[in-house]
file work_22.tsv (TSV, C-alpha atoms)
chain	number	residue	atom	x	y	z
J	3	MET	CA	110.18	-56.36	86.74
J	4	ARG	CA	106.96	-54.95	88.26
J	5	ASN	CA	106.17	-51.40	87.28
J	6	THR	CA	103.19	-49.07	87.48
J	7	LEU	CA	101.68	-46.81	84.86
J	8	ASP	CA	99.49	-43.88	85.91
J	9	ILE	CA	96.38	-43.47	83.76
J	10	ASP	CA	94.47	-40.35	84.82
J	11	GLY	CA	95.27	-41.00	88.48
J	12	ARG	CA	94.54	-44.73	88.29
J	13	ALA	CA	97.39	-47.20	88.69
J	14	LEU	CA	97.88	-49.92	86.08
J	15	SER	CA	100.43	-52.40	87.36
J	16	TYR	CA	102.33	-54.63	84.96
J	17	LEU	CA	105.05	-57.25	84.84
J	18	ASP	CA	107.79	-56.86	82.26
J	19	PHE	CA	109.72	-60.11	82.08
J	20	GLY	CA	112.49	-58.31	80.21
J	21	GLY	CA	114.94	-59.40	77.59
J	22	THR	CA	115.75	-58.23	74.10
J	23	GLY	CA	113.33	-60.51	72.29
J	24	ARG	CA	110.24	-59.46	70.38
J	25	PRO	CA	107.45	-58.05	72.59
J	26	LEU	CA	104.47	-60.23	73.50
J	27	LEU	CA	101.60	-58.48	75.26
J	28	ALA	CA	99.82	-61.07	77.43
J	29	LEU	CA	96.34	-60.40	78.80
J	30	HIS	CA	95.14	-62.65	81.62
J	31	GLY	CA	91.66	-63.96	82.25
J	32	GLY	CA	89.04	-62.67	84.65
J	33	MET	CA	89.75	-63.02	88.38
J	34	SER	CA	93.43	-63.54	87.54
J	35	GLU	CA	96.54	-61.38	87.16
J	36	ALA	CA	99.77	-60.92	85.21
J	37	ALA	CA	101.71	-63.45	87.26
J	38	ALA	CA	99.69	-66.19	85.56
J	39	PHE	CA	102.13	-65.84	82.64
J	40	THR	CA	105.31	-66.42	84.63
J	41	GLY	CA	105.64	-69.97	83.33
J	42	LEU	CA	104.96	-68.92	79.74
J	43	ALA	CA	107.66	-66.24	79.93
J	44	ALA	CA	110.15	-68.79	81.24
J	45	SER	CA	109.28	-71.29	78.51
J	46	LEU	CA	109.73	-68.72	75.72
J	47	GLY	CA	113.15	-67.70	77.01
J	48	ASP	CA	115.10	-64.89	75.39
J	49	ALA	CA	113.22	-64.99	72.08
J	50	TRP	CA	110.25	-63.06	73.46
J	51	ARG	CA	109.83	-60.22	75.97
J	52	VAL	CA	106.58	-60.97	77.74
J	53	ILE	CA	104.74	-57.90	79.06
J	54	ALA	CA	101.67	-58.67	81.15
J	55	PRO	CA	99.45	-56.07	82.83
J	56	ASP	CA	97.24	-56.66	85.81
J	57	GLN	CA	94.17	-55.58	83.87
J	58	ARG	CA	91.94	-52.94	85.44
J	59	GLY	CA	90.47	-54.07	88.75
J	60	HIS	CA	92.77	-57.10	88.96
J	61	GLY	CA	95.90	-57.82	90.96
J	62	ASP	CA	97.87	-54.72	91.91
J	63	SER	CA	96.02	-52.44	89.49
J	64	ASP	CA	93.45	-50.01	90.83
J	65	ARG	CA	89.73	-50.48	90.52
J	66	ALA	CA	88.25	-48.68	87.51
J	67	PRO	CA	85.10	-46.66	86.84
J	68	HIS	CA	83.82	-49.33	84.46
J	69	TYR	CA	84.77	-52.66	82.87
J	70	ARG	CA	83.49	-52.24	79.35
J	71	ARG	CA	85.59	-53.33	76.38
J	72	GLU	CA	86.75	-49.86	75.43
J	73	GLY	CA	88.26	-49.37	78.87
J	74	TYR	CA	90.29	-52.57	78.75
J	75	VAL	CA	91.45	-51.74	75.21
J	76	ALA	CA	92.41	-48.17	76.13
J	77	ASP	CA	94.52	-49.49	79.02
J	78	ALA	CA	96.40	-51.82	76.68
J	79	VAL	CA	97.10	-49.01	74.22
J	80	ALA	CA	98.27	-46.75	77.04
J	81	LEU	CA	100.69	-49.45	78.19
J	82	LEU	CA	102.09	-49.93	74.69
J	83	ASP	CA	102.52	-46.16	74.37
J	84	HIS	CA	104.18	-45.98	77.77
J	85	LEU	CA	106.69	-48.64	76.74
J	86	GLY	CA	107.37	-46.97	73.41
J	87	LEU	CA	106.09	-49.98	71.48
J	88	THR	CA	104.79	-48.20	68.41
J	89	GLU	CA	105.40	-51.05	65.97
J	90	PRO	CA	102.88	-53.92	65.80
J	91	VAL	CA	103.25	-56.45	68.62
J	92	THR	CA	101.95	-59.95	69.13
J	93	VAL	CA	99.05	-60.05	71.59
J	94	LEU	CA	97.95	-63.12	73.55
J	95	GLY	CA	94.79	-63.21	75.57
J	96	TYR	CA	93.15	-65.90	77.66
J	97	SER	CA	89.38	-65.92	78.27
J	98	LEU	CA	88.49	-62.30	79.21
J	99	GLY	CA	91.96	-61.34	78.00
J	100	GLY	CA	91.28	-63.06	74.68
J	101	LEU	CA	88.13	-61.02	74.18
J	102	ASN	CA	90.10	-57.87	74.98
J	103	ALA	CA	92.90	-58.96	72.64
J	104	TYR	CA	90.79	-59.33	69.53
J	105	HIS	CA	88.94	-56.10	70.33
J	106	LEU	CA	92.35	-54.42	70.53
J	107	ALA	CA	93.32	-55.90	67.15
J	108	ALA	CA	90.09	-54.66	65.57
J	109	ALA	CA	90.20	-51.17	67.05
J	110	HIS	CA	93.94	-50.64	66.56
J	111	PRO	CA	95.10	-52.85	63.69
J	112	GLY	CA	98.38	-50.96	63.41
J	113	ARG	CA	99.33	-52.01	66.95
J	114	VAL	CA	98.75	-55.77	66.62
J	115	GLY	CA	100.89	-57.88	64.30
J	116	ALA	CA	99.65	-61.29	65.41
J	117	LEU	CA	96.97	-62.59	67.73
J	118	ILE	CA	96.66	-65.59	70.04
J	119	GLY	CA	93.24	-66.26	71.54
J	120	VAL	CA	93.09	-68.84	74.30
J	121	ASP	CA	89.61	-70.30	74.82
J	122	ALA	CA	87.97	-66.94	74.13
J	123	THR	CA	84.61	-67.07	72.42
J	124	VAL	CA	82.69	-64.62	70.22
J	125	ASP	CA	79.10	-65.23	71.29
J	126	ILE	CA	78.47	-64.60	74.98
J	127	ASP	CA	74.99	-65.10	76.34
J	128	ILE	CA	74.15	-64.78	80.02
J	129	PRO	CA	70.66	-66.18	80.50
J	130	ALA	CA	68.40	-65.24	83.37
J	131	GLY	CA	68.63	-67.31	86.52
J	132	PRO	CA	71.44	-68.58	88.75
J	133	GLN	CA	74.97	-68.51	87.33
J	134	TRP	CA	78.26	-70.09	88.41
J	135	PHE	CA	79.71	-66.64	89.16
J	136	ASP	CA	76.95	-65.53	91.53
J	137	PHE	CA	79.29	-66.20	94.47
J	138	LEU	CA	81.16	-63.01	93.56
J	139	GLY	CA	78.34	-60.89	94.96
J	140	ALA	CA	78.88	-62.28	98.44
J	141	LEU	CA	82.67	-62.09	98.55
J	142	PRO	CA	84.33	-59.94	101.18
J	143	TYR	CA	87.01	-57.60	99.88
J	144	SER	CA	89.23	-56.95	102.88
J	145	ALA	CA	89.77	-57.89	106.52
J	146	PRO	CA	92.27	-57.05	109.27
J	147	THR	CA	94.16	-60.33	108.81
J	148	ARG	CA	94.68	-62.87	106.06
J	149	GLY	CA	93.09	-65.57	108.18
J	150	GLU	CA	89.97	-63.52	108.84
J	151	LEU	CA	89.62	-62.71	105.16
J	152	LEU	CA	89.86	-66.32	104.04
J	153	ALA	CA	87.55	-67.44	106.83
J	154	ALA	CA	84.89	-65.06	105.52
J	155	VAL	CA	85.03	-66.59	102.02
J	156	ASP	CA	82.65	-69.41	101.20
J	157	PRO	CA	84.75	-72.60	100.97
J	158	ALA	CA	83.46	-73.25	97.45
J	159	ALA	CA	84.91	-69.90	96.35
J	160	LEU	CA	88.35	-70.37	97.90
J	161	PRO	CA	89.96	-71.84	94.76
J	162	PHE	CA	89.14	-68.61	92.93
J	163	VAL	CA	90.61	-66.24	95.52
J	164	ALA	CA	93.11	-67.89	97.88
J	165	ASP	CA	96.22	-67.49	95.72
J	166	GLY	CA	95.65	-63.77	95.17
J	167	VAL	CA	95.23	-62.57	98.75
J	168	ARG	CA	97.65	-59.71	99.52
J	169	PRO	CA	98.31	-56.97	102.11
J	170	LEU	CA	96.54	-53.65	101.69
J	171	SER	CA	98.86	-50.92	100.46
J	172	ASP	CA	98.44	-48.90	103.67
J	173	GLY	CA	99.26	-51.88	105.87
J	174	SER	CA	95.88	-51.88	107.58
J	175	GLY	CA	94.89	-55.41	106.59
J	176	TRP	CA	94.52	-57.84	103.72
J	177	ARG	CA	92.42	-57.88	100.54
J	178	LEU	CA	91.49	-60.11	97.66
J	179	ALA	CA	93.10	-59.63	94.24
J	180	PHE	CA	89.80	-58.21	92.96
J	181	HIS	CA	86.52	-56.80	94.19
J	182	GLY	CA	83.61	-59.17	93.64
J	183	GLN	CA	81.30	-56.47	92.27
J	184	ASP	CA	83.94	-55.39	89.76
J	185	MET	CA	84.18	-58.94	88.47
J	186	LEU	CA	80.40	-59.21	88.16
J	187	ASP	CA	80.39	-55.95	86.19
J	188	SER	CA	83.23	-57.23	84.01
J	189	ILE	CA	81.52	-60.53	83.25
J	190	ARG	CA	78.23	-58.84	82.36
J	191	ALA	CA	80.01	-56.34	80.14
J	192	CYS	CA	81.27	-59.25	78.01
J	193	ARG	CA	77.75	-60.19	76.97
J	194	GLY	CA	76.94	-59.93	73.30
J	195	ASP	CA	77.72	-60.99	69.75
J	196	HIS	CA	81.39	-60.22	69.01
J	197	TRP	CA	81.57	-61.84	65.59
J	198	ASP	CA	82.08	-58.59	63.68
J	199	THR	CA	84.98	-57.65	65.94
J	200	TRP	CA	86.63	-61.06	65.63
J	201	LEU	CA	86.40	-60.84	61.84
J	202	ALA	CA	87.55	-57.21	61.65
J	203	SER	CA	91.29	-57.89	62.00
J	204	THR	CA	93.48	-59.53	59.36
J	205	CYS	CA	96.73	-60.34	61.18
J	206	PRO	CA	97.87	-63.97	61.60
J	207	ALA	CA	96.02	-65.60	64.48
J	208	LEU	CA	95.95	-68.77	66.53
J	209	LEU	CA	92.91	-70.03	68.40
J	210	ILE	CA	93.79	-72.39	71.25
J	211	HIS	CA	90.69	-74.35	72.23
J	212	ALA	CA	90.10	-76.50	75.28
J	213	THR	CA	88.25	-79.61	74.11
J	214	ARG	CA	85.96	-79.68	77.16
J	215	SER	CA	85.61	-75.93	77.47
J	216	GLN	CA	82.64	-74.49	79.33
J	217	ALA	CA	83.15	-71.18	77.48
J	218	LEU	CA	83.89	-72.07	73.84
J	219	THR	CA	82.09	-74.86	72.00
J	220	ARG	CA	83.80	-76.86	69.26
J	221	ALA	CA	81.22	-75.64	66.75
J	222	THR	CA	81.96	-72.00	67.56
J	223	ALA	CA	85.70	-72.61	67.56
J	224	ASP	CA	85.51	-74.27	64.14
J	225	ALA	CA	83.47	-71.36	62.79
J	226	MET	CA	85.93	-68.82	64.21
J	227	VAL	CA	88.78	-70.50	62.38
J	228	THR	CA	86.87	-71.07	59.14
J	229	ARG	CA	85.38	-67.61	58.87
J	230	ARG	CA	88.52	-65.62	59.74
J	231	PRO	CA	91.31	-65.92	57.12
J	232	GLY	CA	94.78	-66.58	58.46
J	233	THR	CA	93.57	-68.25	61.65
J	234	SER	CA	95.04	-71.57	62.76
J	235	TYR	CA	93.67	-73.93	65.40
J	236	THR	CA	95.19	-75.94	68.23
J	237	ALA	CA	93.16	-78.16	70.54
J	238	LEU	CA	94.25	-78.96	74.08
J	239	GLU	CA	92.60	-81.72	76.06
J	240	GLY	CA	90.92	-80.21	79.09
J	241	ASP	CA	88.39	-77.68	80.34
J	242	HIS	CA	88.44	-73.88	80.23
J	243	PHE	CA	91.33	-73.77	82.70
J	244	VAL	CA	93.63	-75.82	80.45
J	245	PRO	CA	96.47	-73.23	80.45
J	246	PHE	CA	96.89	-74.08	84.12
J	247	THR	CA	96.02	-77.77	84.06
J	248	ASP	CA	98.19	-78.44	80.99
J	249	PRO	CA	100.85	-75.71	81.06
J	250	GLU	CA	103.29	-77.73	78.97
J	251	GLY	CA	100.74	-78.15	76.19
J	252	PHE	CA	99.79	-74.49	76.40
J	253	HIS	CA	103.39	-73.29	76.30
J	254	ALA	CA	104.18	-75.60	73.38
J	255	ALA	CA	101.19	-74.40	71.35
J	256	VAL	CA	102.12	-70.76	71.89
J	257	GLY	CA	105.80	-71.38	71.21
J	258	THR	CA	105.11	-73.21	67.95
J	259	PHE	CA	102.92	-70.40	66.63
J	260	LEU	CA	105.38	-67.69	67.67
J	261	ALA	CA	108.31	-69.51	66.08
J	262	ALA	CA	106.57	-69.34	62.70
J	263	LEU	CA	106.03	-65.56	62.77

call {"tool": "encode", "arguments": {"input": "work_22.tsv", "output": "structure tokens"}}
result
Amino acid sequence: MRNTLDIDGRALSYLDFGGTGRPLLALHGGMSEAAAFTGLAASLGDAWRVIAPDQRGHGDSDRAPHYRREGYVADAVALLDHLGLTEPVTVLGYSLGGLNAYHLAAAHPGRVGALIGVDATVDIDIPAGPQWFDFLGALPYSAPTRGELLAAVDPAALPFVADGVRPLSDGSGWRLAFHGQDMLDSIRACRGDHWDTWLASTCPALLIHATRSQALTRATADAMVTRRPGTSYTALEGDHFVPFTDPEGFHAAVGTFLAAL
């Protein structure tokens, strides 16, 4: 179920949950990986074949030269080409993955037949001064043992990294699921006004919004639905991490939308 695609000498790892159902390309959030969609794949059953890459710099995929939108989108297209998925597919993206998903739909409308954005906004401002993600700059990347690696991580950052720790491929030690500097670069590359891109695609879409989201305000969510024809809205009670704190609600919202396609 785990496979690797070579893109110009850089490994892009992905999970293919298999089956004969319609393909669903699932793009995880920042500091996460494809395995985050294991529960979703199980809930959808045989009706959908969930394909989830470890996006560049995440999980088992190699680090990349940059983390701008065009790079993430090019990786997704390369994966679809590799799998022979030339017909439009449904694309789901959470947070960072949601931003990448609607950029994919805008840049390659013939590849995306439907779109699910999960708490992904269109107006990203990073003001000057301290930010919640500043801890990434001080993260270690690897250590000889798992214990040493986790001991070097600030306790406040452990919830973001502990589940993704893994052995180095050469067996020389352990590493995090991402490099802190890569994630800082990725976050900063999201900055900007993405309204034109959100409005550029015309396929059916669902916006799943966390009611207490730190990333997507209700006003922005309402405007995203109102201004883009063919976009429906589902609210889930919780913060930005609601796909993990309310997986049943998340799976139900996705399943309901997919069943109507």

call {"tool": "residues_around", "arguments": {"input": "work_22.tsv", "residues": "region 188-199 of chain J", "least_positions_apart": "6", "cutoff": "12 Å", "atoms": "only C-alpha atoms", "output": "ChimeraX atom specification"}}
result
/J:31-33,57-60,65-74,97-111,122-130,133-136,138,180-182,222-223,225-227,229-230

call {"tool": "residues_around", "arguments": {"input": "work_22.tsv", "residues": "Ala237 (chain J)", "least_positions_apart": "3", "cutoff": "9 Å", "atoms": "all atoms listed in the file", "output": "PyMOL selection string"}}
result
chain J and resi 209-213+255

call {"tool": "residues_around", "arguments": {"input": "work_22.tsv", "residues": "region 78-85 of chain J", "least_positions_apart": "6", "cutoff": "10 Å", "atoms": "all atoms listed in the file", "output": "ChimeraX atom specification"}}
result
/J:6-9,14-16,18,25,27-29,53-55,57-58,72,91,102-103,106,110,113

call {"tool": "closest_residue", "arguments": {"input": "work_22.tsv", "among": "J:Arg51, J:Arg168, J:Arg148, J:Arg177", "to": "Gly23 (chain J)", "atoms": "only C-alpha atoms"}}
result
J:Arg51

call {"tool": "atom_distance", "arguments": {"input": "work_22.tsv", "atom1": "CA of Trp176 (chain J)", "atom2": "CA of Phe137 (chain J)"}}
result
19.7 Å

call {"tool": "atom_distance", "arguments": {"input": "work_22.tsv", "atom1": "CA of Thr40 (chain J)", "atom2": "CA of Pro245 (chain J)"}}
result
11.9 Å

call {"tool": "closest_residue", "arguments": {"input": "work_22.tsv", "among": "J:Ile118, J:Ala179, J:Leu17, J:Leu218", "to": "Leu263 (chain J)", "atoms": "all atoms listed in the file"}}
result
J:Ile118

call {"tool": "atom_distance", "arguments": {"input": "work_22.tsv", "atom1": "CA of Ala13 (chain J)", "atom2": "CA of Asp56 (chain J)"}}
result
9.9 Å

call {"tool": "residues_around", "arguments": {"input": "work_22.tsv", "residues": "His242 (chain J)", "least_positions_apart": "4", "cutoff": "8 Å", "atoms": "only C-alpha atoms", "output": "list in words"}}
result
Asp121, Ala212, Arg214, Ser215, Gln216 and Ala217 of chain J

call {"tool": "closest_residue", "arguments": {"input": "work_22.tsv", "among": "J:Gly86, J:Gly119, J:Asp224, J:Val155", "to": "Phe259 (chain J)", "atoms": "all atoms listed in the file"}}
result
J:Gly119
